[in-house]
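Asker: Pasting coords-v3.cif below, which is mmCIF, C-alpha atoms; chains and numbers go by the auth columns.
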data_run
#
loop_
_atom_site.group_PDB
_atom_site.id
_atom_site.type_symbol
_atom_site.label_atom_id
_atom_site.label_comp_id
_atom_site.label_asym_id
_atom_site.label_seq_id
_atom_site.Cartn_x
_atom_site.Cartn_y
_atom_site.Cartn_z
_atom_site.B_iso_or_equiv
_atom_site.auth_seq_id
_atom_site.auth_asym_id
ATOM 1 C CA MET A 1 26.045 20.846 -16.165 0.00 5 A
ATOM 2 C CA THR A 2 25.566 21.144 -12.410 0.00 6 A
ATOM 3 C CA LYS A 3 22.966 23.872 -12.929 0.00 7 A
ATOM 4 C CA ILE A 4 20.952 21.620 -15.259 0.00 8 A
ATOM 5 C CA VAL A 5 21.051 18.743 -12.767 0.00 9 A
ATOM 6 C CA ASP A 6 19.994 21.058 -9.924 0.00 10 A
ATOM 7 C CA GLU A 7 17.101 22.473 -11.981 0.00 11 A
ATOM 8 C CA ASN A 8 15.999 18.969 -12.938 0.00 12 A
ATOM 9 C CA HIS A 9 16.092 17.890 -9.296 0.00 13 A
ATOM 10 C CA SER A 10 14.027 20.942 -8.294 0.00 14 A
ATOM 11 C CA LEU A 11 11.433 20.172 -10.972 0.00 15 A
ATOM 12 C CA GLN A 12 11.236 16.530 -9.918 0.00 16 A
ATOM 13 C CA GLN A 13 10.807 17.524 -6.277 0.00 17 A
ATOM 14 C CA ALA A 14 8.014 19.977 -7.149 0.00 18 A
ATOM 15 C CA PHE A 15 6.269 17.282 -9.187 0.00 19 A
ATOM 16 C CA LEU A 16 6.541 14.750 -6.360 0.00 20 A
ATOM 17 C CA ASN A 17 5.221 17.253 -3.826 0.00 21 A
ATOM 18 C CA GLU A 18 2.209 17.990 -6.033 0.00 22 A
ATOM 19 C CA LEU A 19 1.629 14.280 -6.585 0.00 23 A
ATOM 20 C CA ASP A 20 1.796 13.623 -2.833 0.00 24 A
ATOM 21 C CA GLU A 21 -0.933 16.206 -2.255 0.00 25 A
ATOM 22 C CA LYS A 22 -3.172 14.694 -4.939 0.00 26 A
ATOM 23 C CA LEU A 23 -2.714 11.137 -3.656 0.00 27 A
ATOM 24 C CA LYS A 24 -3.019 11.927 0.033 0.00 28 A
ATOM 25 C CA GLY A 25 -5.458 9.436 1.551 0.00 29 A
ATOM 26 C CA VAL A 26 -5.958 7.401 -1.626 0.00 30 A
ATOM 27 C CA LEU A 27 -4.139 4.290 -0.395 0.00 31 A
ATOM 28 C CA GLN A 28 -6.149 4.240 2.821 0.00 32 A
ATOM 29 C CA ARG A 29 -9.393 4.333 0.828 0.00 33 A
ATOM 30 C CA ILE A 30 -8.193 1.599 -1.530 0.00 34 A
ATOM 31 C CA SER A 31 -7.095 -0.619 1.344 0.00 35 A
ATOM 32 C CA GLY A 32 -10.705 -0.738 2.512 0.00 36 A
ATOM 33 C CA TYR A 33 -11.521 -2.750 -0.621 0.00 37 A
ATOM 34 C CA ALA A 34 -8.937 -5.439 0.220 0.00 38 A
ATOM 35 C CA VAL A 35 -7.237 -5.194 -3.187 0.00 39 A
ATOM 36 C CA ASN A 36 -4.154 -7.397 -3.243 0.00 40 A
ATOM 37 C CA GLU A 37 -0.766 -5.877 -4.019 0.00 41 A
ATOM 38 C CA ASP A 38 -0.382 -7.413 -7.498 0.00 42 A
ATOM 39 C CA THR A 39 -3.828 -6.242 -8.599 0.00 43 A
ATOM 40 C CA LEU A 40 -3.183 -2.744 -7.295 0.00 44 A
ATOM 41 C CA ARG A 41 0.188 -2.620 -9.053 0.00 45 A
ATOM 42 C CA GLY A 42 -1.466 -3.750 -12.288 0.00 46 A
ATOM 43 C CA LEU A 43 -4.156 -1.087 -11.993 0.00 47 A
ATOM 44 C CA ILE A 44 -1.575 1.628 -11.387 0.00 48 A
ATOM 45 C CA ILE A 45 0.393 0.521 -14.455 0.00 49 A
ATOM 46 C CA LEU A 46 -2.786 0.320 -16.554 0.00 50 A
ATOM 47 C CA PHE A 47 -3.902 3.827 -15.630 0.00 51 A
ATOM 48 C CA SER A 48 -0.381 5.191 -16.024 0.00 52 A
ATOM 49 C CA ASP A 49 -0.225 3.903 -19.589 0.00 53 A
ATOM 50 C CA THR A 50 -3.716 5.073 -20.584 0.00 54 A
ATOM 51 C CA ASN A 51 -4.142 8.081 -22.844 0.00 55 A
ATOM 52 C CA PHE A 52 -7.308 9.681 -21.496 0.00 56 A
ATOM 53 C CA THR A 53 -7.584 12.164 -24.338 0.00 57 A
ATOM 54 C CA ARG A 54 -8.255 9.299 -26.796 0.00 58 A
ATOM 55 C CA PRO A 55 -8.828 6.179 -24.675 0.00 59 A
ATOM 56 C CA ASN A 56 -9.109 2.839 -26.434 0.00 60 A
ATOM 57 C CA TYR A 57 -8.691 -0.815 -25.625 0.00 61 A
ATOM 58 C CA ASN A 58 -7.561 -3.297 -28.278 0.00 62 A
ATOM 59 C CA THR A 59 -8.241 -0.650 -30.938 0.00 63 A
ATOM 60 C CA TYR A 60 -11.823 -0.053 -29.660 0.00 64 A
ATOM 61 C CA ASP A 61 -12.798 3.393 -28.393 0.00 65 A
ATOM 62 C CA VAL A 62 -13.730 3.372 -24.734 0.00 66 A
#
Mind converting the file's structure to structure tokens?
Answerer:
Amino acid sequence: MTKIVDENHSLQQAFLNELDEKLKGVLQRISGYAVNEDTLRGLIILFSDTNFTRPNYNTYDV
């Protein structure tokens, strides 16, 4: 069980490191647009939940 937890932790850490590299500098660029925190949070959630292979909105293709 410990081995599985350790492997999972290693995978999560690798994912977070890759994500950090991809997002480096993004928040500074966004802050220049004066987007408030709630709007930014909503946009992050919206894009996180979007399936970009078959995007649609209210059953309409985008």
Asker: To one decimal in Å, tell me the separation between atom CA of A:Arg45 and atom CA of A:Val30.
Answerer: 13.9 Å
Asker: Need the axis-aligned box for stretch 17-26 of chain A with 5 Å each side, so what are the centre and edges in Å to one decimal, as lines of an AutoDock Vina configuration file?
Answerer:
center_x = 3.8
center_y = 16.8
center_z = -5.7
size_x = 24.0
size_y = 16.4
size_z = 16.9
Asker: Please measure the separation of atom CA of A:Val39 and atom CA of A:Leu20, giving the value in Å to one decimal.
Answerer: 24.4 Å
